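The next block is work36.txt, given as compact mmCIF, C-alpha atoms.
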# COMPACT_ATOMS: atom_id res chain seq x y z
CA ARG J 18 39.80 46.72 318.71
CA PRO J 19 41.19 43.18 319.24
CA PRO J 20 44.50 42.38 317.63
CA ARG J 21 44.29 40.58 314.29
CA ALA J 22 44.97 36.84 314.10
CA LYS J 23 45.19 36.51 317.86
CA LEU J 24 42.05 34.38 318.09
CA ILE J 25 43.22 31.76 315.64
CA ALA J 26 46.23 30.87 317.74
CA GLN J 27 43.96 28.32 319.40
CA ALA J 28 43.78 25.28 317.11
CA PRO J 29 41.51 23.53 316.70
CA TYR J 30 38.69 26.04 317.21
CA SER J 31 35.75 24.55 319.11
CA GLY J 32 33.49 27.47 320.00
CA MET J 33 30.88 26.85 317.28
CA THR J 34 27.36 26.00 318.38
CA GLU J 35 24.68 24.76 316.00
CA ASP J 36 21.10 23.68 316.14
CA ASP J 37 21.01 19.91 315.86
CA GLU J 38 17.70 19.98 314.02
CA ALA J 39 18.92 22.41 311.35
CA ILE J 40 20.06 21.01 308.04
CA GLU J 41 23.43 22.09 306.75
CA HIS J 42 24.18 22.46 303.06
CA THR J 43 27.75 22.63 301.82
CA LEU J 44 27.61 25.24 299.08
CA THR J 45 31.21 24.76 297.97
CA GLN J 46 34.42 23.16 299.15
CA ILE J 47 37.95 24.14 298.13
CA ALA J 48 40.77 21.74 298.88
CA GLN J 49 43.44 24.22 299.89
CA ALA J 50 43.79 27.79 301.09
CA HIS J 51 46.48 29.67 303.02
CA LEU J 52 45.85 31.89 306.03
CA TYR J 53 47.97 34.92 306.98
CA SER J 54 48.12 37.24 309.93
CA LEU J 55 47.66 40.89 308.98
CA PRO J 56 50.01 43.70 309.88
CA PRO J 57 48.97 45.59 313.01
CA GLY J 58 47.10 48.82 312.68
CA PRO J 59 43.75 49.99 311.32
CA ARG J 60 42.44 49.12 307.92
CA PRO J 61 44.38 50.94 305.17
CA ALA J 62 42.50 53.74 303.46
CA GLY J 63 42.96 52.17 300.03
CA GLY J 64 42.02 48.67 301.19
CA TYR J 65 44.09 45.65 302.08
CA ARG J 66 47.03 44.55 299.91
CA CYS J 67 48.35 41.00 299.93
CA GLN J 68 51.80 42.32 299.01
CA ASP J 69 51.97 43.74 302.51
CA TRP J 70 51.77 40.24 304.01
CA PRO J 71 55.26 38.81 304.45
CA LYS J 72 55.89 35.10 304.10
CA SER J 73 56.55 34.91 307.79
CA SER J 74 52.89 35.86 308.40
CA HIS J 75 51.66 32.52 307.03
CA ILE J 76 49.94 30.67 309.87
CA PHE J 77 47.84 27.82 308.47
CA THR J 78 47.00 25.78 305.36
CA GLY J 79 43.70 23.94 305.19
CA ARG J 80 40.52 23.36 303.24
CA VAL J 81 37.67 25.85 302.94
CA ARG J 82 33.99 24.92 303.22
CA VAL J 83 31.11 27.33 302.74
CA VAL J 84 28.15 25.98 304.72
CA ALA J 85 24.58 27.31 304.82
CA THR J 86 22.08 26.57 307.57
CA GLY J 87 18.90 28.25 306.49
CA PRO J 88 19.68 31.93 305.89
CA LYS J 89 22.89 31.71 307.93
CA CYS J 90 26.14 31.07 306.10
CA THR J 91 29.60 30.46 307.51
CA ILE J 92 33.06 30.05 305.99
CA ARG J 93 34.97 27.29 307.74
CA ILE J 94 38.68 26.73 307.49
CA GLU J 95 39.36 23.13 308.52
CA ASP J 96 42.26 20.76 308.84
CA LYS J 97 42.58 18.80 305.58
CA GLU J 98 43.41 15.53 307.30
CA LYS J 99 41.39 15.53 310.51
CA GLY J 100 38.53 17.80 309.47
CA THR J 101 38.77 19.80 312.69
CA LEU J 102 37.70 23.43 312.58
CA PHE J 103 40.50 25.99 312.73
CA ALA J 104 38.60 29.24 312.17
CA MET J 105 35.10 30.30 311.21
CA CYS J 106 33.82 33.42 309.48
CA PRO J 107 30.08 34.14 309.86
CA LEU J 108 28.77 35.79 306.71
CA SER J 109 26.81 39.03 306.87
CA ASN J 110 23.82 38.91 304.53
CA ASP J 111 23.35 42.66 304.76
CA ASN J 112 26.88 43.75 303.91
CA LEU J 113 29.20 41.11 302.52
CA GLU J 114 32.39 43.15 302.70
CA THR J 115 32.14 43.44 306.48
CA SER J 116 32.75 39.67 306.57
CA VAL J 117 34.77 38.99 303.41
CA GLU J 118 36.67 41.78 301.68
CA PRO J 119 38.73 41.27 298.50
CA VAL J 120 42.19 42.78 298.52
CA SER J 121 42.96 45.61 296.12
CA ASP J 122 45.95 44.04 294.35
CA SER J 123 44.87 40.44 293.64
CA SER J 124 41.74 38.46 292.82
CA ARG J 125 42.98 35.39 294.75
CA TYR J 126 43.20 36.92 298.22
CA PHE J 127 40.60 38.03 300.74
CA VAL J 128 40.39 39.33 304.28
CA LEU J 129 38.06 37.38 306.58
CA ARG J 130 36.45 38.49 309.82
CA VAL J 131 36.69 35.36 311.95
CA ALA J 132 34.67 35.19 315.16
CA ASP J 133 34.24 33.12 318.29
CA VAL J 134 30.50 32.68 318.77
CA THR J 135 30.88 31.74 322.42
CA THR J 136 32.85 34.81 323.50
CA GLY J 137 31.79 37.23 320.79
CA ARG J 138 35.38 38.20 319.99
CA HIS J 139 36.57 38.58 316.42
CA ALA J 140 39.76 39.14 314.44
CA PHE J 141 40.82 39.75 310.84
CA ILE J 142 42.99 37.33 308.88
CA GLY J 143 44.12 37.07 305.27
CA MET J 144 43.22 34.12 303.09
CA GLY J 145 44.60 33.24 299.66
CA PHE J 146 43.91 30.57 297.06
CA VAL J 147 46.49 28.97 294.80
CA ASP J 148 44.25 28.89 291.72
CA ARG J 149 42.36 31.89 290.37
CA ASN J 150 39.34 29.75 289.43
CA GLU J 151 39.01 28.58 293.03
CA ALA J 152 38.90 32.17 294.21
CA PHE J 153 36.26 32.95 291.60
CA ASP J 154 34.07 30.00 292.71
CA PHE J 155 34.42 31.07 296.33
CA ASN J 156 33.31 34.62 295.62
CA VAL J 157 30.39 33.58 293.36
CA THR J 158 29.12 31.14 295.99
CA LEU J 159 28.88 33.91 298.57
CA GLN J 160 27.10 36.23 296.13
CA ASP J 161 24.57 33.55 295.17
CA HIS J 162 23.77 32.80 298.80
CA ILE J 163 23.05 36.44 299.58
CA LYS J 164 20.82 36.79 296.49
CA HIS J 165 18.88 33.70 297.52
CA VAL J 166 18.37 34.95 301.07
CA ARG J 167 17.15 38.34 299.88
CA TYR J 168 14.75 36.73 297.42
CA GLU J 169 13.29 34.51 300.14
CA ALA J 170 12.92 37.49 302.48
CA GLU J 171 11.08 39.54 299.86
CA ALA J 172 8.78 36.62 299.03
CA ALA J 173 7.92 36.13 302.72
CA LYS J 174 7.25 39.85 303.07
CA ARG J 175 4.84 39.82 300.15
CA GLU J 176 2.97 36.85 301.60
CA ALA J 177 2.71 38.52 305.01
CA GLU J 178 1.21 41.70 303.60
CA PRO J 179 -2.56 41.85 304.24
CA ALA J 180 -4.86 41.75 301.28
CA PRO J 181 -6.21 45.16 300.21
CA THR J 182 -9.37 45.97 302.16
CA GLY J 183 -12.38 47.92 300.91
CA PRO J 184 -16.13 47.74 300.60
CA ALA J 185 -17.26 44.58 298.95
CA LYS J 186 -18.79 45.13 295.56
CA ASP J 187 -22.33 43.86 295.02
CA TRP J 188 -22.62 42.44 291.53
CA SER J 189 -26.24 41.22 291.92
CA LEU J 190 -29.00 42.62 289.67
CA LYS J 191 -31.36 45.01 291.38
CA GLY J 192 -35.08 44.96 290.55
CA SER J 193 -36.30 43.96 287.10
CA VAL J 194 -33.44 44.35 284.70
CA SER J 195 -33.58 43.27 281.10
CA VAL J 196 -30.37 42.20 279.49
CA ALA J 197 -30.12 42.50 275.71
CA LEU J 198 -27.71 40.15 274.12
CA PRO J 199 -26.56 40.93 270.57
CA ALA J 200 -27.89 38.31 268.17
CA GLY J 201 -25.29 37.16 265.73
CA ALA J 202 -26.10 36.89 262.03
CA ALA J 203 -27.61 33.50 261.27
CA LYS J 204 -25.56 31.39 258.98
CA PRO J 205 -27.24 30.69 255.59
CA ALA J 206 -28.54 27.16 255.16
CA ARG J 207 -26.27 25.05 253.10
CA GLU J 208 -27.92 23.89 249.88
CA ARG J 209 -27.89 20.17 249.42
CA PRO J 210 -27.03 18.97 245.89
CA VAL J 211 -29.86 17.38 243.84
CA ALA J 212 -29.34 13.72 243.06
CA GLY J 213 -28.34 13.18 239.45
CA ALA J 214 -27.44 16.82 238.86
CA PRO J 215 -24.47 17.34 236.56
CA MET J 216 -21.23 18.75 237.95
CA GLY J 217 -20.88 22.47 238.10
CA GLY J 218 -24.36 23.14 239.53
CA MET J 219 -26.21 23.17 236.15
CA LEU J 220 -29.69 21.70 236.59
CA LEU J 221 -31.80 20.44 233.67
CA PRO J 222 -35.50 21.28 233.58
CA PRO J 223 -37.77 18.45 234.71
CA PRO J 224 -39.30 16.21 232.01
CA PRO J 225 -42.79 17.07 230.79
CA PRO J 226 -45.72 15.24 232.35
CA GLY J 227 -46.80 11.82 231.00
CA GLY J 228 -48.38 11.81 227.48
CA GLY J 229 -46.40 14.87 226.42
CA GLY J 230 -43.83 15.27 223.77
CA GLY J 231 -41.44 13.07 225.62
CA GLY J 232 -43.84 10.12 225.36
CA ARG J 233 -44.40 10.70 221.69
CA ARG J 234 -40.66 10.80 221.09
CA ALA J 235 -40.27 7.53 222.88
CA ALA J 236 -43.08 5.90 220.85
CA ALA J 237 -41.58 7.13 217.61
CA ALA J 238 -38.25 5.73 218.55
CA ALA J 239 -39.80 2.34 219.34
CA ALA J 240 -41.86 2.02 216.03
CA PRO J 241 -40.04 0.22 213.15
CA ALA J 242 -39.15 2.32 210.18
CA ALA J 243 -41.42 1.86 207.09
CA PRO J 244 -39.74 0.23 204.05
CA ALA J 245 -38.73 2.64 201.38
CA ALA J 246 -40.87 2.63 198.17
CA PRO J 247 -39.16 1.04 195.12
CA ALA J 248 -37.87 3.43 192.54
CA ALA J 249 -40.07 3.83 189.48
CA ALA J 250 -38.85 1.90 186.41
CA ALA J 251 -37.56 3.99 183.63
CA PRO J 252 -39.67 4.00 180.41
CA SER J 253 -38.46 1.71 177.69
CA GLY J 254 -36.09 3.25 175.33
CA GLU J 255 -34.83 5.69 177.88
CA ASP J 256 -31.44 5.54 179.47
CA PRO J 257 -31.89 4.31 182.95
CA PHE J 258 -28.97 6.47 183.99
CA GLY J 259 -30.53 9.55 182.54
CA SER J 260 -28.21 9.76 179.58
CA SER J 261 -29.58 11.40 176.54
CA GLY J 262 -27.85 9.51 173.74
CA GLY J 263 -24.24 10.05 174.69
CA ASP J 264 -21.48 7.83 173.24
CA TRP J 265 -20.33 4.95 175.43
CA ALA J 266 -16.86 3.65 175.51
CA THR J 267 -16.33 -0.02 174.79
CA PHE J 268 -13.85 -1.92 176.98
CA GLY J 269 -12.36 -5.03 175.38
Final structure tokens representation of the file:
Amino acid sequence: RPPRAKLIAQAPYSGMTEDDEAIEHTLTQIAQAHLYSLPPGPRPAGGYRCQDWPKSSHIFTGRVRVVATGPKCTIRIEDKEKGTLFAMCPLSNDNLETSVEPVSDSSRYFVLRVADVTTGRHAFIGMGFVDRNEAFDFNVTLQDHIKHVRYEAEAAKREAEPAPTGPAKDWSLKGSVSVALPAGAAKPARERPVAGAPMGGMLLPPPPPGGGGGGRRAAAAAAPAAPAAPAAAAPSGEDPFGSSGGDWATFG
């Protein structure tokens, strides 16, 4: 196993090769991160601890860029001023912790597996962020990239699967076939209102034919009333008011 942090002694790192036609997308960029060389020896059974990294193990301070080229993703530690690449960590889409492993005693520190793509050699270094939110953004960006790659792979797999095969079904009618369609109940015809009918649907009987009672009533209404006969004069000596010799009061 190659010694840790031995590969990053060469600065700047220039062994990265890329396809010129591929489009790179910067998923996130963090202004500052610190790199540390790890103590010699195999990986601790309980995981890495940043408390085991002495201050003297600090080797570089630079910016971090997470770059995706199609399904491939790399973590690049670059010089803040010149932009030159110092170390690169190719991300494993199958098992993230083989490339980036969080330490067991802090949420701001990680262990990266940096690699030289030209020689195939790799080494492990420690990386720490000053701010906890920056470490959180870094970790979430890696998780989102892996989820996106897996989703795209599953979608491509579904599209590549052949359509289910089987005998084609013949839906044509054979011979003379009668099809009975259920007839719906016909809607009753809507009655149209009679002109001149009173409100509420009450209809008056039609008038009798001409020359009937209606005509007679009309003629009677048009004829002038006969003058009343004059009242018969009372016989002389009789009270015209029908009095039979009663006393009359005299008004002065």
### Query
Of the candidates J:Pro107, J:Gly143, J:Pro184, J:Gly192, which one gets nearest to Pro56 in chain J if we count only C-alpha atoms?
J:Gly143
### Task
Give me the residues within 9 Å of range 125-132 of chain J as a ChimeraX atom specification, counting only C-alpha atoms and dropping any in the same chain fewer than 3 places off.
/J:22,24-25,55,65-67,92,104-108,114-122,135-153
Restricting the output to C-alpha atoms, write the selected residues as a PDB file, in the coordinates of the input.
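This went into out_3.pdb:
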ATOM      1  CA  ALA J  22      44.970  36.840 314.100  1.00  0.00           C
ATOM      2  CA  LEU J  24      42.050  34.380 318.090  1.00  0.00           C
ATOM      3  CA  ILE J  25      43.220  31.760 315.640  1.00  0.00           C
ATOM      4  CA  LEU J  55      47.660  40.890 308.980  1.00  0.00           C
ATOM      5  CA  TYR J  65      44.090  45.650 302.080  1.00  0.00           C
ATOM      6  CA  ARG J  66      47.030  44.550 299.910  1.00  0.00           C
ATOM      7  CA  CYS J  67      48.350  41.000 299.930  1.00  0.00           C
ATOM      8  CA  ILE J  92      33.060  30.050 305.990  1.00  0.00           C
ATOM      9  CA  ALA J 104      38.600  29.240 312.170  1.00  0.00           C
ATOM     10  CA  MET J 105      35.100  30.300 311.210  1.00  0.00           C
ATOM     11  CA  CYS J 106      33.820  33.420 309.480  1.00  0.00           C
ATOM     12  CA  PRO J 107      30.080  34.140 309.860  1.00  0.00           C
ATOM     13  CA  LEU J 108      28.770  35.790 306.710  1.00  0.00           C
ATOM     14  CA  GLU J 114      32.390  43.150 302.700  1.00  0.00           C
ATOM     15  CA  THR J 115      32.140  43.440 306.480  1.00  0.00           C
ATOM     16  CA  SER J 116      32.750  39.670 306.570  1.00  0.00           C
ATOM     17  CA  VAL J 117      34.770  38.990 303.410  1.00  0.00           C
ATOM     18  CA  GLU J 118      36.670  41.780 301.680  1.00  0.00           C
ATOM     19  CA  PRO J 119      38.730  41.270 298.500  1.00  0.00           C
ATOM     20  CA  VAL J 120      42.190  42.780 298.520  1.00  0.00           C
ATOM     21  CA  SER J 121      42.960  45.610 296.120  1.00  0.00           C
ATOM     22  CA  ASP J 122      45.950  44.040 294.350  1.00  0.00           C
ATOM     23  CA  THR J 135      30.880  31.740 322.420  1.00  0.00           C
ATOM     24  CA  THR J 136      32.850  34.810 323.500  1.00  0.00           C
ATOM     25  CA  GLY J 137      31.790  37.230 320.790  1.00  0.00           C
ATOM     26  CA  ARG J 138      35.380  38.200 319.990  1.00  0.00           C
ATOM     27  CA  HIS J 139      36.570  38.580 316.420  1.00  0.00           C
ATOM     28  CA  ALA J 140      39.760  39.140 314.440  1.00  0.00           C
ATOM     29  CA  PHE J 141      40.820  39.750 310.840  1.00  0.00           C
ATOM     30  CA  ILE J 142      42.990  37.330 308.880  1.00  0.00           C
ATOM     31  CA  GLY J 143      44.120  37.070 305.270  1.00  0.00           C
ATOM     32  CA  MET J 144      43.220  34.120 303.090  1.00  0.00           C
ATOM     33  CA  GLY J 145      44.600  33.240 299.660  1.00  0.00           C
ATOM     34  CA  PHE J 146      43.910  30.570 297.060  1.00  0.00           C
ATOM     35  CA  VAL J 147      46.490  28.970 294.800  1.00  0.00           C
ATOM     36  CA  ASP J 148      44.250  28.890 291.720  1.00  0.00           C
ATOM     37  CA  ARG J 149      42.360  31.890 290.370  1.00  0.00           C
ATOM     38  CA  ASN J 150      39.340  29.750 289.430  1.00  0.00           C
ATOM     39  CA  GLU J 151      39.010  28.580 293.030  1.00  0.00           C
ATOM     40  CA  ALA J 152      38.900  32.170 294.210  1.00  0.00           C
ATOM     41  CA  PHE J 153      36.260  32.950 291.600  1.00  0.00           C
TER      42      PHE J 153
END
### Task
Figure out the distance between CA of Leu52 in chain J and CA of Glu95 in chain J, please, to one decimal in Å.
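Atom-to-atom, CA of Glu95 in chain J and CA of Leu52 in chain J are spaced 11.2 Å apart.
Here CA of Glu98 in chain J and CA of Ala48 in chain J stand 10.8 Å from one another.
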### Message
I need the residue nearest Leu44 in chain J from this list: J:Trp70, J:Phe155, J:Phe77, J:Phe103. Use only C-alpha atoms for the distance.
### Response
J:Phe155
### Task
Could you please determine the separation between CA of Ala50 in chain J and CA of Gly87 in chain J in Å, to one decimal place?
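Those two atoms sit 25.5 Å apart.
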